[in-house]
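Student: I have a structure here, written as structure tokens, and I will follow up with some questions on it.
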Amino acid sequence: MAKSTMSFLGAIGAAQKEAMDADERVVIIGEDVEANVYGTTGAGKSRKDKGDFLQMYGRNRIRNTPISEEVIVGAAAGAAMTGLRPIVDLSYSSFLYMAMDQFVNQVAKNRYMFGGQASMPVVFRSAMFYGLNTGAHHSDRPYPMFMNVPGLKIVVPASPSDAKGLLRTAIDSDDPVLTFEACMLWGLKEEVEEDEYRIPFGVARTVREGTDVTVVAIATAVPEAVKAADALAEEGISVEVIDPRTLVPLDSRAVLESVAKTGRLVVADPAHKTCGAAAEISAIVAEEAFDALKAPIARVVTPDTQIPFSPALEKQLYPNRESIADAVRRVAGARPRQLADAR
Amino acid sequence: MAKSTMSFLGAIGAAQKEAMDADERVVIIGEDVEANVYGTTGAGKSRKDKGDFLQMYGRNRIRNTPISEEVIVGAAAGAAMTGLRPIVDLSYSSFLYMAMDQFVNQVAKNRYMFGGQASMPVVFRSAMFYGLNTGAHHSDRPYPMFMNVPGLKIVVPASPSDAKGLLRTAIDSDDPVLTFEACMLWGLKEEVEEDEYRIPFGVARTVREGTDVTVVAIATAVPEAVKAADALAEEGISVEVIDPRTLVPLDSRAVLESVAKTGRLVVADPAHKTCGAAAEISAIVAEEAFDALKAPIARVVTPDTQIPFSPALEKQLYPNRESIADAVRRVAGARPRQLADAR
Amino acid sequence: MDLAAMGSTTALEAQRRMLRIRRFDERASKMVKRGQIPGTVHTSIGQEAQVVGATMALGDDDYMTGNHRSHGHPIGKGSPLGPLMAELVGKGTGVCGGKGGSLHLADFNVGSLGESGIVGSSIPIATGAALSSKVLGNGRVSLAFFGDGAANQGCLYEAMNMAGTWDLPVVFLCENNQYALSTPAHTVTSGVIAERAAGFGIPGVRVEDGQDFLAVFDAVTEAVERARRGEGPTLVEVVTYRFNEHSEGLRLGVDYRDAAEKASWLEKDPIVLFRKHLVTEGVATDDELDALEREVDAEVEEAFEFSQTSPFPDPSVAFADLYTEPFGPTHLSRDGAKSAEQAFSTIGA
Amino acid sequence: MDLAAMGSTTALEAQRRMLRIRRFDERASKMVKRGQIPGTVHTSIGQEAQVVGATMALGDDDYMTGNHRSHGHPIGKGSPLGPLMAELVGKGTGVCGGKGGSLHLADFNVGSLGESGIVGSSIPIATGAALSSKVLGNGRVSLAFFGDGAANQGCLYEAMNMAGTWDLPVVFLCENNQYALSTPAHTVTSGVIAERAAGFGIPGVRVEDGQDFLAVFDAVTEAVERARRGEGPTLVEVVTYRFNEHSEGLRLGVDYRDAAEKASWLEKDPIVLFRKHLVTEGVATDDELDALEREVDAEVEEAFEFSQTSPFPDPSVAFADLYTEPFGPTHLSRDGAKSAEQAFSTIGA
Ligand SMILES: Cc1ncc(C[n+]2csc(CCOP(=O)(O)OP(=O)(O)O)c2C)c(N)n1
Ligand SMILES: Cc1ncc(C[n+]2csc(CCOP(=O)(O)OP(=O)(O)O)c2C)c(N)n1
Ligand SMILES: [Mg+2]
Ligand SMILES: [Mg+2]
């Protein structure tokens, strides 16, 4: 199959175009989607380029909305229950709270409450702008709170090819899917298949194989974990890096099998610590692979503080190669008793 | 000090009355608070009784609102930033999503974003009606998603005296506090001090001492865990039951010290499993008391499904004395290898 | 519209549906008192003209969403009573298989996309159904029922603006029964609900006599026709009154509704009024209408029997229907050894 | 109001504040291009009359909230420029200690309760400040700035209804610059924003010439006086235009604003217009106004210097100010051995 170099953002645009071409019921709904402000509704940034979604699909299917997240999300849900397959562009993940009632009480619950009468084929895309000095109102990484809501599927891609294949699966899914796209990854480029392909949900990607410590990494923590693994290899520590790719469903078997091999787990997750995705992954392993564990499970996460604007303050907060490597060294080197005493 | 028998609900009313009497800046804001529909804004249920809040404090301080959760929460926040100390009655916890943006982006962030210029002395009360066949729209237990939002304090009382003392602390606090009151506990009665007292945040209550297994229990799981402990005592298993009372701040030391003694942990939490409070408590212990652990950490939680209406379906979903006891037996009896094999 | 223009079939069907709602809700109320329904229910008794005037203005294929005062809407839309009653009891034969209950009735067969226990929350859903009609060009109209209390939820105005901008075929139907639980509308509502439409560039209509079936039917019919012509949404506010307490069994210490007010509204029973009208206009005789009442009584009795004799769902049903494409804990379902149900029950409890 | 009634002190102060906003934002724009400000900023260039007309109508003790187009509001309210500029750069001397940045300026000393990066989200906050004024009886008025885009957020209507019901002293000030990012207001707004007030029982005013300081000042003054008299809220919509792109450095492939339209609005520079008016009416001479401009230039230059020479905050500052009563991980803080900062840094990374 033909491959071409795609950025993370370009891969998202490509998946959207594929799906728009494949199925007339697919529509795109969101603020500033006509003008392609966020770069995923046009092949180029200019309307004059061929590949502009508005020109290709028209205003009936490219729905430029008022700034009204609550009705945007609810209307997409109602449309999904009655024959459309909307892709909703909510731009920043920090704006999802505006529509929280619709997400939790309608999108996630309707099919269940109505005894299976409704399906909800709708995708909600949003971008996580953390790490770019946008301040507390534009830096959220809210996927953990949605993981606590049964009925939603949660996708956090970390590479261009995953972004394309997972988004296509999301659009094909008859269930509601939320995708969280880390902006710091937008620029990532790799060779991506040009043809249609789908990556199944619930299947983790082993980014790097290793034998001493398992690092489960999410979003920007994936490339950072790989960098940490490279550095640690020189120190003689062999790190296996696993990217779950979808958090609901979560490929816990892949994690458990890796931990069965390594006996040590670090979870690197840019969400806030308390009740974050790292907590869940840790708890699964502490419950289901306890016997294999040789050391405490370390979480490398964003501490429970809000996000400051200043470049002097922000970056230190997120998991990075150093903090991941430190945690790996800790669980690889220290005997449990030492750690317990250190507390 | 004088004590009298109070129900859980009565204790909440008593704390509110105390605070209203003590400080003119305390006001009550919410739907149907004038008519005391939810039973905490009057000593009796009838306006004719003396002790009716509307008669005592008047419409300036008892603010009966339109059904507009978003502006209720935001206005309470704005009022708290400018001199009032509101208690907001949001009735059902399932309605909090309507105001999620205000909770996350304003209530939790403002003080931090503005560099400490604002304080936010406001309490948001809501009741969790799970277990009462109210269906998916009225059965939420959403505290885990708020635990993932730095800047909030989260209280989940499980006894009348805790309800009174913790609420008083909440109202006195200069930070935003969310309290989640389980309705199945409303009827609980006990001897409660009539005078003012405050229970500090971040200090767990050891409900029952034991040596073999630690059960950390939340909300309705607390009395269920005690019942389980009673039954298990007869089987020769000694269970320590800990009620954290506040989830943010969380008294992790109390949990870690108990696990250091027992070596075994069960967390009983009526919230949904994924990224729930139980996940967090498990992760803390797997990270910080690993050496003491003799068995996998078991979570007894509500599975990741929405809440069905039918009495034939609902009750099975929540942690109860049997499911807690089963989990305790599992971690107390099984050798780790057996559990790992069973997977 | 006068009765002649409407035709006697439609007129009698309207009376039948109003009666169905009345008898169904009276029975449901009794069942709550007898402990045959867990929790509570909210009846539409007194509001039948407002409900049926709206639903009869819709076609069979049209969509509808509602709220906690929920039984009247699907009944008005033509949903059979048995599965509705069974749902209230939590039976497996319920319209939602027992998963929904009184607050969450839905019958997709008659375009009922679901009642919402969250006040205001289903308004965006109806707006979205109208969006799909528009995009697909299938001519279906959508109607959102909500109360005077819900009219203060912001999502209504987001929905009116979006629908106004895109000319979506949706009718916003405010059931102004003058109270939201214990709270009189005039104490929490600034301005007049129907007049809020104008600022959003759409027509707003206030039906002052919401006890008059024809008045409601006419207003909603006009709104539906307008929507069907592609001219966009309308807000219709219907003034009515609930005869019962907010919910069955609720007892408040405060008389928030004046006794004289209550009495004067009880005089305006929509079913009595329409019956008189049918007789006066010669559409039906008293005997014929008595027969109709007996038919409805029998229907409700049958629905009750159905609800009682139907079995409760198997406990495993609690774990079905969350997803169209379920997965269960991945590591369990993938090895095929355990079903999703087993996986859930292991993990859950 | 004519200039004579206003008095020359106030008139000149208005021109000074408009100039401060202009020069501050021009400098900020330059700084973004030079990489001296991380991220981006949204300027109020072109909208100064609308901003200052509103803020000058408020008293020093009155409250105000704003949005992402944020610098003009605190400047208009009288906040000193140095700490504002330092905040944009993320310095420890910034008005929020570097924690907020351009989108989250707040200066409680001048009643500025905070700009919000979330569109619409600060409207309820201003409403709450008005509630506290009402309950405490301290006579303070509150004003919420928001855009034409934000006017489609539901919380605005919840706020107007609540404020209307309780007669809260709040002014809802819509800065209608006719676009929300790339989206023309008329394509997403059904009806007229100012006319939405009527349905909520409150006055709605549309200032068609938002480039005219006096027109804005008069309309807002009336609204503020009404609020102060206890008569409740007003919605004021001001029609204006932003001269720059939505945010500095943003480049869109689409010309969503017509060139002729843009040119015609650039003619209506509020600062040029008011200067002419001041001279024509004899309030000040050209020389005096030149001097005033130089003073403002110097002020901005000084603010810039301050922003450059101030130190960045210590990294530990990231862990301060979340709570008024902080706790840190309980088991660590209780044994007193570690500070909250240490605890956080251990645990966080
Ligand atoms: C978002 C939300 N807030 C509050 C409630 C609690 N509640 C249920 S019904 C009701 C009153 C609703 O009044 P209205 O909309 O007028 O409908 P009515 O009951 O009068 O038919 C309230 C406050 C709720 N269910 N959802
Ligand atoms: C809730 C929310 N949705 C979307 C955005 C992204 N956004 C930032 S500014 C803006 C346009 C705002 O337009 P308007 O309110 O008219 O203000 P203006 O920029 O024109 O001053 C948008 C869509 C946001 N910040 N918050
Ligand atoms: Mg009502
Ligand atoms: Mg604008």
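Each chain of the structure tokens is named A, B, ... in the order shown, its residues numbered from 1; ligands are numbered from 1 in display order.
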Based on the backbone DSSP call, show me all residues of stretch 130-162 of chain A assigned alpha helix (DSSP H), as a PyMOL selection string.
Tutor: chain A and resi 143-147+160-162
Student: The selected residues should be written to file as a PDB file, in the first residue's frame (atoms: C-alpha atoms).
Tutor:
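File out-v7.pdb, as written:
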ATOM      1  CA  TYR A 143      -9.976  12.192  29.889  1.00  0.00           C
ATOM      2  CA  PRO A 144      -9.971  10.582  33.371  1.00  0.00           C
ATOM      3  CA  MET A 145     -13.309  12.096  34.290  1.00  0.00           C
ATOM      4  CA  PHE A 146     -14.831  10.719  31.120  1.00  0.00           C
ATOM      5  CA  MET A 147     -13.308   7.301  31.835  1.00  0.00           C
ATOM      6  CA  PRO A 160       0.065   9.996  13.223  1.00  0.00           C
ATOM      7  CA  SER A 161      -0.779   6.470  12.072  1.00  0.00           C
ATOM      8  CA  ASP A 162      -2.648   5.734  15.273  1.00  0.00           C
TER       9      ASP A 162
END
Student: Counting only C-alpha atoms and all ligand atoms, give me one row per residue of chain C with an atom at most 6 Å from an atom of ligand 1, showing the shortest contact pair and its distance in Å to one decimal, sorted by chain then residue number, as CSV.
Tutor:
residue,atom,partner,partner_atom_place_in_ligand_line,distance
C:Arg69,CA,ligand 1,21 (O),5.4
C:Gly117,CA,ligand 1,25 (N),5.2
C:Ile118,CA,ligand 1,26 (N),3.8
C:Val119,CA,ligand 1,26 (N),3.8
C:Phe146,CA,ligand 1,15 (O),5.8
C:Gly147,CA,ligand 1,15 (O),3.3
C:Asp148,CA,ligand 1,16 (O),3.9
C:Gly149,CA,ligand 1,15 (O),3.5
C:Ala150,CA,ligand 1,15 (O),4.1
C:Asn177,CA,ligand 1,20 (O),5.5
C:Tyr179,CA,ligand 1,20 (O),5.1
C:Ala180,CA,ligand 1,13 (O),3.3
C:Leu181,CA,ligand 1,11 (C),4.4
C:His246,CA,ligand 1,19 (O),5.9
Student: What does the file look like for those residues with N, CA, C and O atoms, as a tab-separated table (two decimals), in the first residue's frame?
Tutor:
chain	number	residue	atom	x	y	z
C	69	ARG	N	-42.15	14.63	33.68
C	69	ARG	CA	-43.62	14.48	33.67
C	69	ARG	C	-43.93	13.75	32.38
C	69	ARG	O	-44.39	14.32	31.41
C	117	GLY	N	-34.93	12.79	32.86
C	117	GLY	CA	-35.07	13.14	34.27
C	117	GLY	C	-34.33	14.42	34.62
C	117	GLY	O	-34.55	15.00	35.68
C	118	ILE	N	-33.45	14.83	33.75
C	118	ILE	CA	-32.67	16.05	33.98
C	118	ILE	C	-33.41	17.20	33.31
C	118	ILE	O	-33.60	17.20	32.09
C	119	VAL	N	-33.81	18.17	34.10
C	119	VAL	CA	-34.65	19.25	33.60
C	119	VAL	C	-33.94	20.05	32.50
C	119	VAL	O	-32.86	20.59	32.73
C	146	PHE	N	-41.02	20.65	27.53
C	146	PHE	CA	-40.30	21.02	28.75
C	146	PHE	C	-41.18	21.95	29.57
C	146	PHE	O	-42.15	22.53	29.05
C	147	GLY	N	-40.86	22.09	30.83
C	147	GLY	CA	-41.71	22.87	31.73
C	147	GLY	C	-41.32	24.33	31.86
C	147	GLY	O	-40.32	24.78	31.29
C	148	ASP	N	-42.12	25.06	32.59
C	148	ASP	CA	-41.79	26.46	32.89
C	148	ASP	C	-40.48	26.54	33.67
C	148	ASP	O	-39.71	27.49	33.52
C	149	GLY	N	-40.23	25.54	34.51
C	149	GLY	CA	-38.97	25.52	35.24
C	149	GLY	C	-37.80	25.36	34.29
C	149	GLY	O	-36.79	26.07	34.38
C	150	ALA	N	-37.93	24.43	33.36
C	150	ALA	CA	-36.87	24.16	32.39
C	150	ALA	C	-36.60	25.37	31.51
C	150	ALA	O	-35.51	25.49	30.94
C	177	ASN	N	-47.09	24.93	33.58
C	177	ASN	CA	-48.10	24.62	34.60
C	177	ASN	C	-47.93	25.50	35.84
C	177	ASN	O	-48.46	25.22	36.90
C	179	TYR	N	-45.73	26.14	37.97
C	179	TYR	CA	-44.89	25.78	39.12
C	179	TYR	C	-43.77	24.86	38.68
C	179	TYR	O	-43.96	24.02	37.79
C	180	ALA	N	-42.64	25.00	39.31
C	180	ALA	CA	-41.57	24.03	39.19
C	180	ALA	C	-41.39	23.47	40.59
C	180	ALA	O	-40.91	24.17	41.49
C	181	LEU	N	-41.86	22.25	40.77
C	181	LEU	CA	-41.91	21.67	42.10
C	181	LEU	C	-42.64	22.64	43.04
C	181	LEU	O	-43.79	22.94	42.77
C	246	HIS	N	-46.55	17.72	42.76
C	246	HIS	CA	-45.45	17.59	41.80
C	246	HIS	C	-45.17	16.13	41.46
C	246	HIS	O	-45.05	15.76	40.30
Student: With a cut-off of 8 Å and counting only C-alpha atoms, select all residues of chain B in contact with chain A and give the selection as a ChimeraX atom specification.
Tutor: /B:95-101,104-105,109,112-113,135-137,144-151,272-277,279-280,282-283,286-291,295-299,304-306,308,336-337,339-340,343
Student: Let me see the file: selected residues, C-alpha atoms, as a PDB file, in the first residue's frame.
Tutor:
ATOM      1  CA  PHE B  95     -27.366  17.805  38.340  1.00  0.00           C
ATOM      2  CA  LEU B  96     -23.796  18.966  38.958  1.00  0.00           C
ATOM      3  CA  TYR B  97     -22.810  18.271  35.354  1.00  0.00           C
ATOM      4  CA  MET B  98     -25.033  21.163  34.294  1.00  0.00           C
ATOM      5  CA  ALA B  99     -22.555  23.476  35.984  1.00  0.00           C
ATOM      6  CA  MET B 100     -19.366  21.571  35.242  1.00  0.00           C
ATOM      7  CA  ASP B 101     -17.703  24.460  33.454  1.00  0.00           C
ATOM      8  CA  VAL B 104     -13.793  23.294  36.855  1.00  0.00           C
ATOM      9  CA  ASN B 105     -12.974  26.533  35.103  1.00  0.00           C
ATOM     10  CA  LYS B 109      -9.140  27.588  38.991  1.00  0.00           C
ATOM     11  CA  TYR B 112      -4.784  29.786  41.388  1.00  0.00           C
ATOM     12  CA  MET B 113      -4.964  31.607  38.049  1.00  0.00           C
ATOM     13  CA  GLY B 135     -33.071   5.422  37.307  1.00  0.00           C
ATOM     14  CA  ALA B 136     -29.959   6.531  35.469  1.00  0.00           C
ATOM     15  CA  HIS B 137     -30.635  10.261  35.654  1.00  0.00           C
ATOM     16  CA  PRO B 144     -14.244  10.810  41.414  1.00  0.00           C
ATOM     17  CA  MET B 145     -14.407  13.240  38.534  1.00  0.00           C
ATOM     18  CA  PHE B 146     -14.232  16.147  40.948  1.00  0.00           C
ATOM     19  CA  MET B 147     -11.287  14.521  42.740  1.00  0.00           C
ATOM     20  CA  ASN B 148      -9.429  14.824  39.439  1.00  0.00           C
ATOM     21  CA  VAL B 149      -9.903  18.617  39.534  1.00  0.00           C
ATOM     22  CA  PRO B 150      -7.243  20.300  41.671  1.00  0.00           C
ATOM     23  CA  GLY B 151      -8.596  23.181  43.717  1.00  0.00           C
ATOM     24  CA  HIS B 272     -17.980   3.513  39.098  1.00  0.00           C
ATOM     25  CA  LYS B 273     -14.869   1.424  38.884  1.00  0.00           C
ATOM     26  CA  THR B 274     -12.707   3.083  36.251  1.00  0.00           C
ATOM     27  CA  CYS B 275     -10.784   6.041  37.660  1.00  0.00           C
ATOM     28  CA  GLY B 276     -12.885   5.917  40.813  1.00  0.00           C
ATOM     29  CA  ALA B 277     -11.863   6.776  44.345  1.00  0.00           C
ATOM     30  CA  ALA B 279      -8.495   3.262  42.030  1.00  0.00           C
ATOM     31  CA  GLU B 280      -6.782   6.228  43.661  1.00  0.00           C
ATOM     32  CA  SER B 282      -5.299   1.416  45.573  1.00  0.00           C
ATOM     33  CA  ALA B 283      -2.667   3.276  43.556  1.00  0.00           C
ATOM     34  CA  ALA B 286       0.633   0.134  45.590  1.00  0.00           C
ATOM     35  CA  GLU B 287       3.107   2.983  45.357  1.00  0.00           C
ATOM     36  CA  GLU B 288       3.764   3.774  48.991  1.00  0.00           C
ATOM     37  CA  ALA B 289       3.111   0.630  51.030  1.00  0.00           C
ATOM     38  CA  PHE B 290       4.047  -2.019  48.519  1.00  0.00           C
ATOM     39  CA  ASP B 291       6.417  -3.758  50.844  1.00  0.00           C
ATOM     40  CA  ALA B 295      -2.083  -9.895  48.759  1.00  0.00           C
ATOM     41  CA  PRO B 296      -3.630  -8.169  45.761  1.00  0.00           C
ATOM     42  CA  ILE B 297      -5.631  -5.037  46.452  1.00  0.00           C
ATOM     43  CA  ALA B 298      -9.306  -5.703  45.815  1.00  0.00           C
ATOM     44  CA  ARG B 299     -11.760  -3.090  44.677  1.00  0.00           C
ATOM     45  CA  ASP B 304     -18.820   0.285  34.706  1.00  0.00           C
ATOM     46  CA  THR B 305     -22.424   0.293  33.676  1.00  0.00           C
ATOM     47  CA  GLN B 306     -25.100   2.927  34.018  1.00  0.00           C
ATOM     48  CA  PRO B 308     -30.895   0.591  35.708  1.00  0.00           C
ATOM     49  CA  PRO B 336      -1.114 -14.562  45.703  1.00  0.00           C
ATOM     50  CA  ARG B 337      -0.046 -17.250  43.257  1.00  0.00           C
ATOM     51  CA  LEU B 339      -5.083 -15.516  42.430  1.00  0.00           C
ATOM     52  CA  ALA B 340      -2.675 -14.861  39.625  1.00  0.00           C
ATOM     53  CA  ARG B 343      -6.911 -14.814  36.021  1.00  0.00           C
TER      54      ARG B 343
END
Student: List the neighbours of stretch 14-16 of chain A out to 12 Å using only C-alpha atoms; skip same-chain residues closer than 4 positions along the sequence, and give me the result as number ranges by chain.
Tutor: A: 4-10, 20-23, 26-29, 39-44, 51-53, 57, 62, 85-89, 123, 125, 160-172, 192-199
Student: So that I can see what lies close to D:His73, please list as an MDAnalysis selection string the residues with an atom at most 10 Å from it, counting only C-alpha atoms and leaving out residues fewer than 5 positions away in the same chain.
Tutor: chainID D and resid 21 44 48 51:52 54:55 64:67 78:79 105:106 112 114:115 145
Student: Take the selection from the previous step and output its residues with N, CA and C atoms, as a PDB file, in the first residue's frame.
Tutor:
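Wrote it out as result.pdb, contents follow:
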ATOM      1  N   ILE D  21      -4.733  51.606  26.253  1.00  0.00           N
ATOM      2  CA  ILE D  21      -5.096  50.307  25.681  1.00  0.00           C
ATOM      3  C   ILE D  21      -4.445  50.141  24.311  1.00  0.00           C
ATOM      4  N   SER D  44      -7.492  44.642  21.859  1.00  0.00           N
ATOM      5  CA  SER D  44      -8.743  45.412  21.794  1.00  0.00           C
ATOM      6  C   SER D  44      -8.589  46.605  20.864  1.00  0.00           C
ATOM      7  N   GLU D  48     -11.516  50.464  21.610  1.00  0.00           N
ATOM      8  CA  GLU D  48     -11.211  51.187  22.843  1.00  0.00           C
ATOM      9  C   GLU D  48     -12.381  52.013  23.366  1.00  0.00           C
ATOM     10  N   VAL D  51     -14.688  49.732  25.220  1.00  0.00           N
ATOM     11  CA  VAL D  51     -14.147  49.277  26.505  1.00  0.00           C
ATOM     12  C   VAL D  51     -14.161  50.415  27.528  1.00  0.00           C
ATOM     13  N   VAL D  52     -13.605  51.546  27.138  1.00  0.00           N
ATOM     14  CA  VAL D  52     -13.447  52.631  28.114  1.00  0.00           C
ATOM     15  C   VAL D  52     -14.790  53.319  28.383  1.00  0.00           C
ATOM     16  N   ALA D  54     -17.422  51.834  28.744  1.00  0.00           N
ATOM     17  CA  ALA D  54     -18.041  50.997  29.774  1.00  0.00           C
ATOM     18  C   ALA D  54     -17.338  51.121  31.115  1.00  0.00           C
ATOM     19  N   THR D  55     -16.022  51.015  31.122  1.00  0.00           N
ATOM     20  CA  THR D  55     -15.325  51.013  32.416  1.00  0.00           C
ATOM     21  C   THR D  55     -15.382  52.378  33.102  1.00  0.00           C
ATOM     22  N   MET D  64     -16.015  43.941  37.860  1.00  0.00           N
ATOM     23  CA  MET D  64     -15.989  43.716  36.422  1.00  0.00           C
ATOM     24  C   MET D  64     -15.384  42.347  36.137  1.00  0.00           C
ATOM     25  N   THR D  65     -15.954  41.623  35.173  1.00  0.00           N
ATOM     26  CA  THR D  65     -15.290  40.422  34.650  1.00  0.00           C
ATOM     27  C   THR D  65     -15.174  40.553  33.139  1.00  0.00           C
ATOM     28  N   GLY D  66     -14.269  39.783  32.555  1.00  0.00           N
ATOM     29  CA  GLY D  66     -14.046  39.905  31.125  1.00  0.00           C
ATOM     30  C   GLY D  66     -13.735  38.580  30.461  1.00  0.00           C
ATOM     31  N   ASN D  67     -13.133  38.685  29.288  1.00  0.00           N
ATOM     32  CA  ASN D  67     -12.896  37.470  28.499  1.00  0.00           C
ATOM     33  C   ASN D  67     -11.471  37.456  27.928  1.00  0.00           C
ATOM     34  N   GLY D  78      -8.490  51.077  35.239  1.00  0.00           N
ATOM     35  CA  GLY D  78      -7.507  51.851  35.987  1.00  0.00           C
ATOM     36  C   GLY D  78      -6.347  51.051  36.551  1.00  0.00           C
ATOM     37  N   SER D  79      -6.190  49.850  36.112  1.00  0.00           N
ATOM     38  CA  SER D  79      -5.091  49.022  36.620  1.00  0.00           C
ATOM     39  C   SER D  79      -3.762  49.525  36.073  1.00  0.00           C
ATOM     40  N   LEU D 105      -5.974  37.855  33.186  1.00  0.00           N
ATOM     41  CA  LEU D 105      -5.644  39.025  33.992  1.00  0.00           C
ATOM     42  C   LEU D 105      -6.727  39.252  35.037  1.00  0.00           C
ATOM     43  N   ALA D 106      -6.319  39.684  36.190  1.00  0.00           N
ATOM     44  CA  ALA D 106      -7.260  40.064  37.240  1.00  0.00           C
ATOM     45  C   ALA D 106      -6.539  41.041  38.138  1.00  0.00           C
ATOM     46  N   SER D 112     -11.337  44.344  39.307  1.00  0.00           N
ATOM     47  CA  SER D 112     -11.260  43.404  38.191  1.00  0.00           C
ATOM     48  C   SER D 112     -11.179  41.984  38.739  1.00  0.00           C
ATOM     49  N   GLY D 114     -11.417  39.221  37.122  1.00  0.00           N
ATOM     50  CA  GLY D 114     -10.792  38.214  36.284  1.00  0.00           C
ATOM     51  C   GLY D 114     -11.367  38.108  34.890  1.00  0.00           C
ATOM     52  N   GLU D 115     -10.432  37.976  33.945  1.00  0.00           N
ATOM     53  CA  GLU D 115     -10.782  37.679  32.560  1.00  0.00           C
ATOM     54  C   GLU D 115     -10.869  36.156  32.449  1.00  0.00           C
ATOM     55  N   PHE D 145     -18.187  41.825  30.707  1.00  0.00           N
ATOM     56  CA  PHE D 145     -17.859  41.977  29.286  1.00  0.00           C
ATOM     57  C   PHE D 145     -17.916  40.614  28.598  1.00  0.00           C
TER      58      PHE D 145
END
Student: Distance limit 6 Å, atoms considered: only C-alpha atoms. Which chain B residues sit that close to chain D? Return them as a PyMOL selection string.
Tutor: chain B and resi 60+68+71+74-76+78-79+82+84+112-116+151+251-253
Student: Put those residues in a file: C-alpha atoms, as a PDB file, in the first residue's frame.
Tutor:
ATOM      1  CA  ASN B  60     -32.213  38.047  51.440  1.00  0.00           C
ATOM      2  CA  SER B  68     -30.347  27.227  36.258  1.00  0.00           C
ATOM      3  CA  VAL B  71     -25.546  30.362  36.913  1.00  0.00           C
ATOM      4  CA  GLY B  74     -21.176  30.552  38.986  1.00  0.00           C
ATOM      5  CA  ALA B  75     -23.054  33.191  40.935  1.00  0.00           C
ATOM      6  CA  ALA B  76     -22.211  31.468  44.195  1.00  0.00           C
ATOM      7  CA  GLY B  78     -18.704  35.187  42.207  1.00  0.00           C
ATOM      8  CA  ALA B  79     -20.441  35.976  45.479  1.00  0.00           C
ATOM      9  CA  THR B  82     -16.674  39.215  46.906  1.00  0.00           C
ATOM     10  CA  LEU B  84     -20.408  36.121  50.888  1.00  0.00           C
ATOM     11  CA  TYR B 112      -4.784  29.786  41.388  1.00  0.00           C
ATOM     12  CA  MET B 113      -4.964  31.607  38.049  1.00  0.00           C
ATOM     13  CA  PHE B 114      -5.199  34.967  39.717  1.00  0.00           C
ATOM     14  CA  GLY B 115      -2.159  34.299  41.853  1.00  0.00           C
ATOM     15  CA  GLY B 116      -4.011  34.025  45.133  1.00  0.00           C
ATOM     16  CA  GLY B 151      -8.596  23.181  43.717  1.00  0.00           C
ATOM     17  CA  ASP B 251      -5.770  10.879  54.848  1.00  0.00           C
ATOM     18  CA  SER B 252      -3.436   8.515  53.068  1.00  0.00           C
ATOM     19  CA  ARG B 253      -1.313   8.145  56.184  1.00  0.00           C
TER      20      ARG B 253
END
Student: Could you list, as a list in words, every residue of chain C that has an atom within 8 Å of an atom of chain D, counting only C-alpha atoms?
Tutor: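 Output check: Asn152, Gln153, Gly154, Cys155, Leu156, Tyr157, Glu158, Asn161, Met162, Gly164, Thr165, Thr187, Val188, Thr189, Ser190, Gly191, Val192, Ile193, Ala194, Glu195, Arg196, Ala197, Ala198, Gly199, Phe200, Gly201 and Ile202 of chain C.
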Student: Go through stretch 106-328 of chain A and collect every residue that DSSP, computed from the backbone, puts in strand (DSSP E); the answer should be as a PyMOL selection string.
Tutor: chain A and resi 123-128+153-155+177-182+189-193+205-208+213-217+239-243+246-248+265-272+298-302
Student: Neighbours of stretch 80-85 of chain D within 9 Å (only C-alpha atoms; same-chain residues fewer than 4 positions away dropped), as a PyMOL selection string?
Tutor: chain D and resi 20+24+28+71+74-75+89-91+93-97+101-102+105-107+299-300+302-307
Student: When you look at A:Asn64 with a cut-off of 8 Å (counting only C-alpha atoms), what residues show up, excluding the ones that are within fewer than 3 positions of it in the same chain? I need them as a list of chain:residue names.
Tutor: A:Ile29, A:Gly30, A:Glu31, A:Asp32, A:Val33, A:Glu34, A:Arg59, D:Thr183, D:Val188
